[in-house]
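File shown: input26.pdb (PDB, C-alpha atoms and all ligand atoms).
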```
ATOM      1  CA  MET A   1      53.024  73.118  57.938
ATOM      2  CA  ILE A   2      50.458  70.337  57.459
ATOM      3  CA  PHE A   3      48.977  68.691  60.568
ATOM      4  CA  LEU A   4      47.679  65.178  59.944
ATOM      5  CA  LYS A   5      44.884  64.235  62.348
ATOM      6  CA  THR A   6      44.576  61.138  64.509
ATOM      7  CA  GLU A   7      41.403  58.999  64.587
ATOM      8  CA  ASP A   8      40.291  60.820  67.764
ATOM      9  CA  GLU A   9      40.886  64.197  66.156
ATOM     10  CA  ILE A  10      38.909  63.217  63.060
ATOM     11  CA  GLU A  11      35.938  62.416  65.329
ATOM     12  CA  LEU A  12      36.281  65.812  67.060
ATOM     13  CA  MET A  13      36.357  67.435  63.607
ATOM     14  CA  ARG A  14      33.242  65.455  62.672
ATOM     15  CA  ALA A  15      31.390  66.774  65.742
ATOM     16  CA  ALA A  16      32.268  70.400  64.894
ATOM     17  CA  ASN A  17      31.228  69.880  61.272
ATOM     18  CA  GLN A  18      27.966  68.155  62.185
ATOM     19  CA  LEU A  19      27.147  71.217  64.276
ATOM     20  CA  VAL A  20      27.836  73.399  61.220
ATOM     21  CA  ALA A  21      25.506  71.145  59.207
ATOM     22  CA  ALA A  22      22.746  71.494  61.802
ATOM     23  CA  THR A  23      23.270  75.276  61.926
ATOM     24  CA  LEU A  24      23.034  75.611  58.144
ATOM     25  CA  ALA A  25      19.798  73.582  58.192
ATOM     26  CA  GLU A  26      18.426  75.833  60.944
ATOM     27  CA  VAL A  27      19.297  78.929  58.894
ATOM     28  CA  GLY A  28      17.872  77.278  55.764
ATOM     29  CA  LYS A  29      14.477  76.884  57.467
ATOM     30  CA  ALA A  30      14.346  80.673  57.836
ATOM     31  CA  VAL A  31      15.428  81.533  54.274
ATOM     32  CA  ARG A  32      12.434  83.096  52.535
ATOM     33  CA  PRO A  33      11.457  86.361  50.842
ATOM     34  CA  GLY A  34      11.309  89.178  53.403
ATOM     35  CA  VAL A  35      13.857  87.836  55.901
ATOM     36  CA  THR A  36      16.978  89.943  56.556
ATOM     37  CA  THR A  37      20.488  88.521  56.586
ATOM     38  CA  ALA A  38      20.878  89.992  60.100
ATOM     39  CA  GLU A  39      18.000  87.746  61.250
ATOM     40  CA  LEU A  40      19.708  84.692  59.688
ATOM     41  CA  ASP A  41      22.902  85.659  61.520
ATOM     42  CA  ARG A  42      21.060  85.919  64.833
ATOM     43  CA  ILE A  43      19.550  82.435  64.344
ATOM     44  CA  ALA A  44      22.968  80.955  63.551
ATOM     45  CA  GLU A  45      24.798  82.577  66.460
ATOM     46  CA  GLU A  46      22.160  81.542  68.980
ATOM     47  CA  PHE A  47      22.092  77.949  67.663
ATOM     48  CA  ILE A  48      25.894  77.606  67.735
ATOM     49  CA  ARG A  49      26.243  79.019  71.269
ATOM     50  CA  ASP A  50      23.314  76.919  72.547
ATOM     51  CA  HIS A  51      25.308  73.873  71.443
ATOM     52  CA  GLY A  52      28.400  74.871  73.422
ATOM     53  CA  ALA A  53      30.445  76.120  70.483
ATOM     54  CA  GLU A  54      31.827  79.428  69.205
ATOM     55  CA  PRO A  55      30.987  80.936  65.813
ATOM     56  CA  THR A  56      34.512  81.063  64.378
ATOM     57  CA  PHE A  57      33.761  83.831  61.891
ATOM     58  CA  LYS A  58      32.680  86.347  64.573
ATOM     59  CA  GLY A  59      35.527  88.791  65.087
ATOM     60  CA  PHE A  60      37.679  87.099  62.447
ATOM     61  CA  PRO A  61      40.551  89.510  61.723
ATOM     62  CA  ASN A  62      40.939  91.279  58.379
ATOM     63  CA  PRO A  63      44.355  92.656  57.384
ATOM     64  CA  TYR A  64      42.640  95.420  55.360
ATOM     65  CA  GLY A  65      39.923  96.517  57.798
ATOM     66  CA  GLY A  66      37.864  95.714  60.868
ATOM     67  CA  PRO A  67      37.062  92.226  62.178
ATOM     68  CA  PHE A  68      34.117  90.288  60.691
ATOM     69  CA  PRO A  69      30.980  91.408  62.545
ATOM     70  CA  GLY A  70      28.745  88.391  61.872
ATOM     71  CA  SER A  71      28.637  84.727  62.885
ATOM     72  CA  ILE A  72      27.990  83.592  59.299
ATOM     73  CA  CYS A  73      28.780  84.984  55.860
ATOM     74  CA  THR A  74      25.614  85.791  53.918
ATOM     75  CA  SER A  75      26.446  86.283  50.243
ATOM     76  CA  VAL A  76      23.468  87.232  48.063
ATOM     77  CA  ASN A  77      23.370  86.906  44.235
ATOM     78  CA  ASP A  78      26.517  88.569  42.812
ATOM     79  CA  VAL A  79      28.272  88.437  46.195
ATOM     80  CA  VAL A  80      30.724  85.559  45.898
ATOM     81  CA  VAL A  81      31.945  85.292  49.491
ATOM     82  CA  HIS A  82      32.176  87.111  52.845
ATOM     83  CA  GLY A  83      28.834  88.945  52.603
ATOM     84  CA  VAL A  84      28.254  90.776  55.893
ATOM     85  CA  PRO A  85      24.865  90.157  57.563
ATOM     86  CA  SER A  86      22.795  93.347  57.684
ATOM     87  CA  PRO A  87      19.316  94.464  58.773
ATOM     88  CA  ASP A  88      19.198  96.331  55.431
ATOM     89  CA  THR A  89      19.655  93.233  53.252
ATOM     90  CA  VAL A  90      16.167  91.808  52.738
ATOM     91  CA  LEU A  91      15.922  88.596  50.694
ATOM     92  CA  GLN A  92      13.694  88.779  47.608
ATOM     93  CA  GLU A  93      11.906  86.064  45.650
ATOM     94  CA  GLY A  94      14.340  84.649  43.080
ATOM     95  CA  ASP A  95      17.514  85.523  45.027
ATOM     96  CA  ILE A  96      20.194  83.042  45.974
ATOM     97  CA  ILE A  97      22.140  83.263  49.226
ATOM     98  CA  SER A  98      25.335  81.425  50.119
ATOM     99  CA  VAL A  99      25.519  80.849  53.855
ATOM    100  CA  ASP A 100      29.036  80.030  55.015
ATOM    101  CA  CYS A 101      29.377  78.885  58.619
ATOM    102  CA  GLY A 102      32.237  77.965  60.921
ATOM    103  CA  THR A 103      32.163  76.594  64.455
ATOM    104  CA  LEU A 104      34.840  75.934  67.048
ATOM    105  CA  LEU A 105      33.763  72.993  69.230
ATOM    106  CA  ASN A 106      36.060  71.350  71.798
ATOM    107  CA  GLY A 107      39.102  72.932  70.165
ATOM    108  CA  TYR A 108      38.377  71.840  66.563
ATOM    109  CA  ASN A 109      36.863  73.665  63.607
ATOM    110  CA  GLY A 110      33.963  72.957  61.306
ATOM    111  CA  ASP A 111      33.477  74.846  58.022
ATOM    112  CA  SER A 112      30.779  74.381  55.391
ATOM    113  CA  CYS A 113      28.746  76.489  52.986
ATOM    114  CA  TYR A 114      25.467  76.002  51.111
ATOM    115  CA  THR A 115      23.799  78.199  48.494
ATOM    116  CA  PHE A 116      20.054  78.400  49.153
ATOM    117  CA  GLN A 117      17.301  79.416  46.754
ATOM    118  CA  VAL A 118      14.905  82.118  47.945
ATOM    119  CA  GLY A 119      11.451  81.098  46.739
ATOM    120  CA  GLU A 120      11.485  80.159  43.066
ATOM    121  CA  VAL A 121      14.693  80.932  41.145
ATOM    122  CA  SER A 122      15.277  80.886  37.384
ATOM    123  CA  GLU A 123      16.269  77.697  35.550
ATOM    124  CA  GLU A 124      19.548  79.389  34.614
ATOM    125  CA  VAL A 125      20.430  79.968  38.263
ATOM    126  CA  LYS A 126      19.313  76.455  39.246
ATOM    127  CA  ARG A 127      21.773  75.097  36.695
ATOM    128  CA  LEU A 128      24.593  77.182  38.238
ATOM    129  CA  LEU A 129      23.779  75.792  41.696
ATOM    130  CA  ARG A 130      23.536  72.219  40.426
ATOM    131  CA  THR A 131      26.848  72.441  38.567
ATOM    132  CA  THR A 132      28.677  73.993  41.536
ATOM    133  CA  LYS A 133      27.436  71.280  43.884
ATOM    134  CA  GLU A 134      28.363  68.588  41.353
ATOM    135  CA  ALA A 135      31.850  70.131  41.103
ATOM    136  CA  LEU A 136      32.233  69.927  44.885
ATOM    137  CA  TYR A 137      31.475  66.178  44.798
ATOM    138  CA  LYS A 138      33.772  65.657  41.798
ATOM    139  CA  GLY A 139      36.544  67.275  43.853
ATOM    140  CA  ILE A 140      35.700  65.096  46.857
ATOM    141  CA  GLU A 141      35.712  61.873  44.783
ATOM    142  CA  THR A 142      39.198  62.778  43.620
ATOM    143  CA  ALA A 143      40.451  63.339  47.167
ATOM    144  CA  VAL A 144      41.900  59.888  47.840
ATOM    145  CA  ALA A 145      45.230  59.018  49.451
ATOM    146  CA  GLY A 146      48.044  59.165  46.918
ATOM    147  CA  HIS A 147      46.363  61.787  44.713
ATOM    148  CA  ARG A 148      47.495  65.399  44.826
ATOM    149  CA  ILE A 149      45.919  68.777  45.616
ATOM    150  CA  GLY A 150      46.030  69.666  41.898
ATOM    151  CA  ASP A 151      43.802  66.674  41.099
ATOM    152  CA  ILE A 152      41.025  68.209  43.213
ATOM    153  CA  GLY A 153      41.323  71.615  41.531
ATOM    154  CA  TYR A 154      41.424  70.018  38.110
ATOM    155  CA  ALA A 155      38.224  68.043  38.804
ATOM    156  CA  VAL A 156      36.358  71.162  39.985
ATOM    157  CA  GLN A 157      37.644  73.471  37.257
ATOM    158  CA  SER A 158      37.132  71.131  34.310
ATOM    159  CA  HIS A 159      33.554  70.326  35.356
ATOM    160  CA  CYS A 160      32.559  73.995  35.706
ATOM    161  CA  GLU A 161      34.420  75.428  32.735
ATOM    162  CA  ALA A 162      32.922  72.729  30.475
ATOM    163  CA  GLN A 163      29.517  74.253  31.349
ATOM    164  CA  GLY A 164      30.747  77.774  30.552
ATOM    165  CA  TYR A 165      31.111  78.930  34.151
ATOM    166  CA  GLY A 166      33.900  80.913  35.798
ATOM    167  CA  VAL A 167      36.136  79.589  38.577
ATOM    168  CA  VAL A 168      37.147  82.197  41.167
ATOM    169  CA  ARG A 169      40.917  82.304  41.671
ATOM    170  CA  GLU A 170      41.333  84.731  44.588
ATOM    171  CA  PHE A 171      39.740  82.487  47.225
ATOM    172  CA  VAL A 172      40.537  78.830  47.797
ATOM    173  CA  GLY A 173      39.829  75.848  50.029
ATOM    174  CA  HIS A 174      42.215  75.048  52.867
ATOM    175  CA  GLY A 175      43.491  72.673  55.475
ATOM    176  CA  ILE A 176      41.459  72.794  58.673
ATOM    177  CA  GLY A 177      41.841  71.555  62.249
ATOM    178  CA  LYS A 178      42.650  73.439  65.436
ATOM    179  CA  GLU A 179      42.826  76.489  63.156
ATOM    180  CA  MET A 180      40.119  77.299  60.621
ATOM    181  CA  HIS A 181      42.751  77.915  57.943
ATOM    182  CA  GLU A 182      45.710  75.537  57.906
ATOM    183  CA  ASP A 183      48.020  74.342  55.165
ATOM    184  CA  PRO A 184      47.671  73.331  52.421
ATOM    185  CA  GLN A 185      45.682  75.686  50.214
ATOM    186  CA  VAL A 186      43.129  73.866  48.042
ATOM    187  CA  PRO A 187      42.478  75.896  44.857
ATOM    188  CA  ASN A 188      39.443  75.223  42.663
ATOM    189  CA  TYR A 189      41.708  75.139  39.632
ATOM    190  CA  GLY A 190      44.838  73.164  38.965
ATOM    191  CA  ARG A 191      46.749  70.564  37.060
ATOM    192  CA  ARG A 192      46.518  66.836  37.550
ATOM    193  CA  GLY A 193      49.407  65.313  39.480
ATOM    194  CA  GLN A 194      50.589  68.693  40.847
ATOM    195  CA  GLY A 195      50.856  69.925  44.435
ATOM    196  CA  LYS A 196      51.031  68.234  47.815
ATOM    197  CA  GLN A 197      50.166  64.561  48.053
ATOM    198  CA  LEU A 198      47.019  63.602  49.989
ATOM    199  CA  LYS A 199      47.637  61.393  53.025
ATOM    200  CA  ASN A 200      45.458  59.729  55.629
ATOM    201  CA  GLY A 201      44.624  62.179  58.415
ATOM    202  CA  LEU A 202      44.646  65.248  56.149
ATOM    203  CA  CYS A 203      41.547  67.399  56.801
ATOM    204  CA  ILE A 204      40.642  69.958  54.143
ATOM    205  CA  ALA A 205      37.747  72.201  53.189
ATOM    206  CA  ILE A 206      36.893  71.910  49.494
ATOM    207  CA  GLU A 207      34.838  74.914  48.396
ATOM    208  CA  PRO A 208      34.142  75.742  44.759
ATOM    209  CA  MET A 209      33.124  79.382  44.214
ATOM    210  CA  ILE A 210      31.642  79.421  40.725
ATOM    211  CA  THR A 211      30.321  82.323  38.663
ATOM    212  CA  GLN A 212      27.732  82.487  35.904
ATOM    213  CA  GLY A 213      29.843  84.998  33.952
ATOM    214  CA  THR A 214      33.394  86.248  34.385
ATOM    215  CA  HIS A 215      35.492  84.747  37.198
ATOM    216  CA  GLU A 216      36.782  88.233  38.011
ATOM    217  CA  VAL A 217      35.803  89.646  41.391
ATOM    218  CA  TYR A 218      36.321  92.835  43.386
ATOM    219  CA  LEU A 219      36.330  93.863  47.036
ATOM    220  CA  MET A 220      33.723  96.327  48.327
ATOM    221  CA  PRO A 221      34.716  99.332  50.518
ATOM    222  CA  ASP A 222      33.657  97.386  53.655
ATOM    223  CA  LYS A 223      36.796  95.263  52.957
ATOM    224  CA  TRP A 224      34.803  92.020  53.286
ATOM    225  CA  THR A 225      32.119  91.731  50.600
ATOM    226  CA  VAL A 226      33.441  90.218  47.360
ATOM    227  CA  ARG A 227      31.318  90.694  44.220
ATOM    228  CA  THR A 228      31.573  89.458  40.649
ATOM    229  CA  ARG A 229      32.934  92.121  38.330
ATOM    230  CA  ASP A 230      29.978  91.676  35.913
ATOM    231  CA  HIS A 231      27.378  91.407  38.729
ATOM    232  CA  ARG A 232      26.151  88.049  37.520
ATOM    233  CA  PRO A 233      25.406  85.509  40.277
ATOM    234  CA  ALA A 234      27.886  83.210  42.000
ATOM    235  CA  ALA A 235      27.400  79.942  43.906
ATOM    236  CA  HIS A 236      29.461  78.467  46.740
ATOM    237  CA  PHE A 237      29.252  74.965  48.205
ATOM    238  CA  GLU A 238      31.748  73.688  50.777
ATOM    239  CA  HIS A 239      32.372  70.477  52.689
ATOM    240  CA  THR A 240      35.092  69.677  55.205
ATOM    241  CA  ILE A 241      36.526  66.226  54.575
ATOM    242  CA  ALA A 242      39.162  63.936  56.086
ATOM    243  CA  ILE A 243      41.305  61.552  54.105
ATOM    244  CA  HIS A 244      40.385  58.494  56.151
ATOM    245  CA  HIS A 245      41.143  54.843  55.344
ATOM    246  CA  GLY A 246      42.430  56.087  52.002
ATOM    247  CA  ARG A 247      39.234  57.832  50.924
ATOM    248  CA  ALA A 248      37.374  61.091  51.448
ATOM    249  CA  ASP A 249      35.229  60.975  54.575
ATOM    250  CA  ILE A 250      32.784  63.929  54.439
ATOM    251  CA  LEU A 251      32.645  65.383  57.958
ATOM    252  CA  SER A 252      30.014  68.059  57.247
ATOM    253  CA  SER A 253      26.619  67.233  55.728
ATOM    254  CA  PHE A 254      23.876  68.642  53.479
ATOM    255  CA  GLU A 255      21.481  65.803  54.287
ATOM    256  CA  GLU A 256      19.038  67.773  56.428
ATOM    257  CA  ILE A 257      19.024  70.738  54.015
ATOM    258  CA  GLU A 258      18.412  68.506  51.010
ATOM    259  CA  LYS A 259      15.503  66.768  52.764
ATOM    260  CA  MET A 260      14.028  70.195  53.438
ATOM    261  CA  GLU A 261      14.507  71.310  49.838
ATOM    262  CA  ALA A 262      12.903  68.107  48.510
ATOM    263  CA  ALA A 263       9.893  68.625  50.798
ATOM    264  CA  ARG A 264       9.535  72.241  49.618
ATOM    265  CA  SER A 265       9.562  71.329  45.937
ATOM    266  CA  LEU A 266       6.749  68.738  46.318
TER     267      LEU A 266
HETATM  268 MG    MG A 301      33.516  78.270  54.755
HETATM  269 MG    MG A 302      36.447  77.318  54.134
END
```
Any chance you could give the structure as structure tokens?
Amino acid sequence: MIFLKTEDEIELMRAANQLVAATLAEVGKAVRPGVTTAELDRIAEEFIRDHGAEPTFKGFPNPYGGPFPGSICTSVNDVVVHGVPSPDTVLQEGDIISVDCGTLLNGYNGDSCYTFQVGEVSEEVKRLLRTTKEALYKGIETAVAGHRIGDIGYAVQSHCEAQGYGVVREFVGHGIGKEMHEDPQVPNYGRRGQGKQLKNGLCIAIEPMITQGTHEVYLMPDKWTVRTRDHRPAAHFEHTIAIHHGRADILSSFEEIEKMEAARSL
């Protein structure tokens, strides 16, 4: 069942997503060679709770195993999604890390993900990150009232596959609101004109998960960590948007992170 949001609900969703944006920026400040993913998790949890919200991912149930132990997912290099923060995972120069974050604030959910560079990464990896982020915005541009879910997937898939990248099939974007995962599913692949029609008040997370090599993935024995089959790197960028006045209104934000990245590269 799809729940369309009122104007007031869209503003509550914006608040939750702006807190996710601020949390990701806070985590991003700490991303550097030598830091552990457990330390990044600690920073995120403290920041979220200090702002009167709950980290939605903490304790998230898993039908195949135990609940998620962290407050964020920290997915390094060939980990596509759901990397579990650990004191044993130490970031190295040249790594990439996707930090996925969810907050529950005043009864509504925020959800966004950004793939950070650790120190200086290769040109090849930079291109993967750039293309994945571009694909996210191509999907968002397509998300206007009257279009369909398949238009979003088509925009993401065609952009990435044209560059020779893989599009992960097993994990998809989703409706979002009072629950972190609501209907409809929002795949990163699809056919134009197919699927549910987009209407004002629909809130969805669009989240391309794009691989440098094969799109095939597998689940680690911890029942959370998902890796690429060929161990080549994967990138993941996610925004939560509302269809609002006929167009995509981006409720999360990368603005603070991008300012930080621009300052670092000077
Ligand atoms: Mg997410
Ligand atoms: Mg999501």
Around ligand MG 301 (chain A), out to 10 Å and counting only C-alpha atoms and all ligand atoms, which residues are there? I want them as JSON, numbers by chain. {"A": [20, 57, 72, 73, 81, 82, 98, 99, 100, 101, 102, 103, 110, 111, 112, 113, 114, 172, 173, 174, 180, 181, 205, 206, 207, 236, 237, 238, 239, 240]}
Run the PyMOL selection byres (((chain A and resi 145) around 12) and not hetatm) against the file shown and list the residues it catches, as a VMD selection string. chain A and resid 140 to 144 146 to 149 151 to 152 196 to 203 242 to 249
List every protein, DNA or RNA residue that has an atom no more than 7 Å from (13.5, 91.1, 54.6) in the file's coordinate frame, counting all atoms listed in the file, and report them as a list in words.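 With a cut-off of 7 Å, the residues come to Pro33, Gly34, Val35, Thr36, Thr89, Val90 and Leu91 of chain A.
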Spell out the residues picked by the PyMOL selection byres (((chain A and resi 54) around 6) and not hetatm) here, as an MDAnalysis selection string. chainID A and resid 49 53 55:56 103:104
Residues in the PyMOL selection byres (((chain A and resi 30) around 12) and not hetatm), expressed as a VMD selection string: chain A and resid 23 to 29 31 to 44 91 97 99 116 to 119 257 260
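Computed from the coordinates, the atom CA of A:Ala22 to atom CA of A:Glu93 distance equals 24.3 Å.
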Quick one: pull the distance between atom CA of A:Asp230 and atom CA of A:Pro63, Å, one decimal. 25.9 Å
What is the atom CA of A:Thr115-atom CA of A:Ile10 distance in Å, reported with one decimal?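 Straight-line distance from atom CA of A:Thr115 to atom CA of A:Ile10 works out to 25.8 Å.
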Between A:Glu182, A:Arg14, A:Ala155, A:Ser122, which has the minimum distance to A:Ile2 (counting only C-alpha atoms)?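 Under the stated criterion, the closest residue is A:Glu182.
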Ref. answer, residues at most 9 Å from (33.0, 89.7, 38.6) with only C-alpha atoms, as a PyMOL selection string: chain A and resi 78+80+168+211+213-218+226-234
